[in-house]
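> Below is the structure I would like to discuss, written out as structure tokens.
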Amino acid sequence: MACADVDMEIQGEEMEPLRAGRREAPIVRHYQASELLPQPKGPLHDLLKKQPAVLGSLQMMSGLLSVGVGFIFATTQDMSQSLCTLFRVSHLTGALFIFAGVVSSLLSRFPELLQTSLRVNCGCIIVAVTAACLISVDLAQWNQQNDQHLKMEMLELCVLGLEVLLSVILCFWFLKEKRAKSQ
């Protein structure tokens with residue numbers, strides 16, 4: 001919506017001359033705003049232009065994929081067969097990234113969640129790197145009898161890479177906004 005700081009008085013109201021005893025309707029000229037005023041910026045305006053909710057939605061989707069892979073591991077493998085199954089890596093990272101995605105998506109409605117979202121995404125990076133290390137150890141000690149699980153662990157490793165990338169981007173944006181807000 002445009003705002004203007006100009007005189008709102010209608011300029012040039014004139015009456016047509018009387019013709020044959022009838023009075024014509026007045027001719028009215030309209031005004032046109034000559035200067036637009038910018039709207040005041042809301043909290044986190046610059047950050048929200050980058051749309052962190054989109055990355056939050058991607059975090060939620062990759063978290064759901066991780067939880068799904070975790071259920072497949074839990075139902076098809078023995079606990080002693082892999083560290084990923086033993087420590088429930090997929091479930092933990094999936095739940096954490098779903099939570100991080102929800103918090104990042106809610107940032108547009110609740111700007112006070114900026115600090116919380118930054119902390120959650122930093123925690124996600126730490127947990128995802130730890131989970132990637134556990135999966136890498138599993139892959140290094142893999143035997144040839146469970147090839148389908150090898151592919152699933154590679155998929156989980158790729159999903160973790162995506163999740164880390166999303167969290168790093170969001171943390172960078174949140175830190176940049178936090179610094180701009182404190183100045």
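In the structure tokens, chains take the letters A, B, ... in the order shown, each chain's residues start at 1, and ligands count up from 1 in the order shown.
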Select from region 25-138 of chain A every residue with an atom at most 9 Å from any atom of region 157-180 of chain A, then for each give the shortest pair of atoms and their distance in Å to one decimal, using only C-alpha atoms, rows by chain and rising number, as a Markdown table.

| residue | atom | partner | partner_atom | distance |
| --- | --- | --- | --- | --- |
| A:Leu44 | CA | A:Glu177 | CA | 7.1 |
| A:Asp46 | CA | A:Glu177 | CA | 7.7 |
| A:Leu47 | CA | A:Glu177 | CA | 6.4 |
| A:Lys50 | CA | A:Trp173 | CA | 8.6 |
| A:Pro52 | CA | A:Leu170 | CA | 6.9 |
| A:Leu55 | CA | A:Leu166 | CA | 6.4 |
| A:Gly56 | CA | A:Leu166 | CA | 8.2 |
| A:Leu58 | CA | A:Leu166 | CA | 7.9 |
| A:Gln59 | CA | A:Glu163 | CA | 6.3 |
| A:Ser62 | CA | A:Val159 | CA | 6.4 |
| A:Gly63 | CA | A:Glu163 | CA | 8.0 |
| A:Leu65 | CA | A:Val159 | CA | 7.9 |
| A:Ser66 | CA | A:Val159 | CA | 7.1 |
| A:Thr93 | CA | A:Leu160 | CA | 8.1 |
| A:Phe97 | CA | A:Glu163 | CA | 7.4 |
| A:Ala100 | CA | A:Ser167 | CA | 8.6 |
| A:Ser104 | CA | A:Leu170 | CA | 8.3 |
| A:Leu114 | CA | A:Phe174 | CA | 6.8 |
| A:Gln115 | CA | A:Phe174 | CA | 8.0 |
| A:Ser117 | CA | A:Phe174 | CA | 8.1 |
| A:Leu118 | CA | A:Cys171 | CA | 5.7 |
| A:Arg119 | CA | A:Cys171 | CA | 8.5 |
| A:Asn121 | CA | A:Ser167 | CA | 5.3 |
| A:Cys122 | CA | A:Cys171 | CA | 6.8 |
| A:Cys124 | CA | A:Ser167 | CA | 7.0 |
| A:Ile125 | CA | A:Val164 | CA | 5.5 |
| A:Ile126 | CA | A:Val164 | CA | 8.8 |
| A:Ala128 | CA | A:Leu160 | CA | 6.0 |
| A:Val129 | CA | A:Val164 | CA | 7.7 |
| A:Ala131 | CA | A:Leu160 | CA | 8.0 |
| A:Ala132 | CA | A:Leu157 | CA | 6.1 |
| A:Ile135 | CA | A:Leu157 | CA | 7.0 |
| A:Ser136 | CA | A:Leu157 | CA | 8.2 |
> Fewer than 2 positions away in the same chain doesn't count, so skip those; otherwise give me all residues within 7 Å of region 105-110 of chain A, counting only C-alpha atoms, as a PyMOL selection string.
chain A and resi 48+52-53+56-57+101-103+112-114
> Using N, CA, C and O atoms, can you export the residues from the last selection as a PDB file, in the first residue's frame?

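Below you can see again_19.pdb, which holds the result:
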ATOM      1  N   LEU A  48      13.659 -12.163   6.519  1.00  0.00           N
ATOM      2  CA  LEU A  48      12.456 -12.800   5.984  1.00  0.00           C
ATOM      3  C   LEU A  48      12.354 -12.660   4.471  1.00  0.00           C
ATOM      4  O   LEU A  48      11.657 -13.440   3.826  1.00  0.00           O
ATOM      5  N   PRO A  52      13.522 -17.903   5.123  1.00  0.00           N
ATOM      6  CA  PRO A  52      14.041 -19.057   5.862  1.00  0.00           C
ATOM      7  C   PRO A  52      12.996 -20.145   6.058  1.00  0.00           C
ATOM      8  O   PRO A  52      13.345 -21.290   6.328  1.00  0.00           O
ATOM      9  N   ALA A  53      11.722 -19.829   5.882  1.00  0.00           N
ATOM     10  CA  ALA A  53      10.682 -20.846   6.026  1.00  0.00           C
ATOM     11  C   ALA A  53      10.803 -21.921   4.944  1.00  0.00           C
ATOM     12  O   ALA A  53      10.462 -23.076   5.177  1.00  0.00           O
ATOM     13  N   GLY A  56      13.401 -24.119   6.173  1.00  0.00           N
ATOM     14  CA  GLY A  56      12.822 -24.852   7.296  1.00  0.00           C
ATOM     15  C   GLY A  56      11.945 -25.995   6.818  1.00  0.00           C
ATOM     16  O   GLY A  56      11.953 -27.087   7.396  1.00  0.00           O
ATOM     17  N   SER A  57      11.198 -25.767   5.757  1.00  0.00           N
ATOM     18  CA  SER A  57      10.368 -26.843   5.184  1.00  0.00           C
ATOM     19  C   SER A  57      11.241 -27.965   4.626  1.00  0.00           C
ATOM     20  O   SER A  57      10.921 -29.146   4.780  1.00  0.00           O
ATOM     21  N   GLY A 101      13.260 -27.384  11.656  1.00  0.00           N
ATOM     22  CA  GLY A 101      12.470 -26.879  10.539  1.00  0.00           C
ATOM     23  C   GLY A 101      11.214 -26.159  10.996  1.00  0.00           C
ATOM     24  O   GLY A 101      10.841 -25.123  10.436  1.00  0.00           O
ATOM     25  N   VAL A 102      10.569 -26.697  12.018  1.00  0.00           N
ATOM     26  CA  VAL A 102       9.368 -26.046  12.549  1.00  0.00           C
ATOM     27  C   VAL A 102       9.722 -24.681  13.140  1.00  0.00           C
ATOM     28  O   VAL A 102       9.042 -23.687  12.883  1.00  0.00           O
ATOM     29  N   VAL A 103      10.796 -24.629  13.915  1.00  0.00           N
ATOM     30  CA  VAL A 103      11.205 -23.360  14.523  1.00  0.00           C
ATOM     31  C   VAL A 103      11.606 -22.349  13.443  1.00  0.00           C
ATOM     32  O   VAL A 103      11.239 -21.172  13.520  1.00  0.00           O
ATOM     33  N   GLU A 112      10.785 -13.367  17.845  1.00  0.00           N
ATOM     34  CA  GLU A 112      11.553 -13.612  19.061  1.00  0.00           C
ATOM     35  C   GLU A 112      12.173 -15.008  19.090  1.00  0.00           C
ATOM     36  O   GLU A 112      12.994 -15.302  19.965  1.00  0.00           O
ATOM     37  N   LEU A 113      11.837 -15.852  18.141  1.00  0.00           N
ATOM     38  CA  LEU A 113      12.427 -17.196  18.053  1.00  0.00           C
ATOM     39  C   LEU A 113      13.771 -17.215  17.340  1.00  0.00           C
ATOM     40  O   LEU A 113      14.329 -18.283  17.121  1.00  0.00           O
ATOM     41  N   LEU A 114      14.310 -16.044  16.998  1.00  0.00           N
ATOM     42  CA  LEU A 114      15.570 -15.987  16.255  1.00  0.00           C
ATOM     43  C   LEU A 114      16.697 -16.661  17.034  1.00  0.00           C
ATOM     44  O   LEU A 114      17.423 -17.502  16.498  1.00  0.00           O
TER      45      LEU A 114
END
> Write out as a PyMOL selection string the set of residues from region 13-159 of chain A that DSSP, computed on the backbone, places in strand (DSSP E or B).
chain A and resi 14+19+22+27+36-37
> Work out how far CA of Gln144 (chain A) is from CA of Ser90 (chain A), in Å to one decimal.
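Between these atoms lies a distance of 21.9 Å.
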> List as JSON, numbers by chain the protein and nucleic acid residues near Leu139 (chain A), meaning an atom at most 12 Å away when only C-alpha atoms are counted, but skip any in the same chain fewer than 2 places from it.
{"A": [81, 82, 83, 84, 132, 133, 134, 135, 136, 137, 141, 142, 143, 144, 146, 147, 149, 150, 151, 152, 153, 154, 155, 156, 157]}
> Mind pulling up the distance from CA of His91 (chain A) to CA of Gly68 (chain A)?
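Here the two named atoms are 8.1 Å from each other.
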> Using DSSP on the backbone, list every residue of region 75-142 of chain A that comes out as helix (DSSP H, G or I), and give them as a ChimeraX atom specification.
/A:75-76,79-81,83-86,89-106,111-140
> Using CA of Leu64 (chain A) and CA of Val127 (chain A) as the two end points, give the distance in Å to one decimal.
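Going from CA of Leu64 (chain A) over to CA of Val127 (chain A) covers 16.1 Å.
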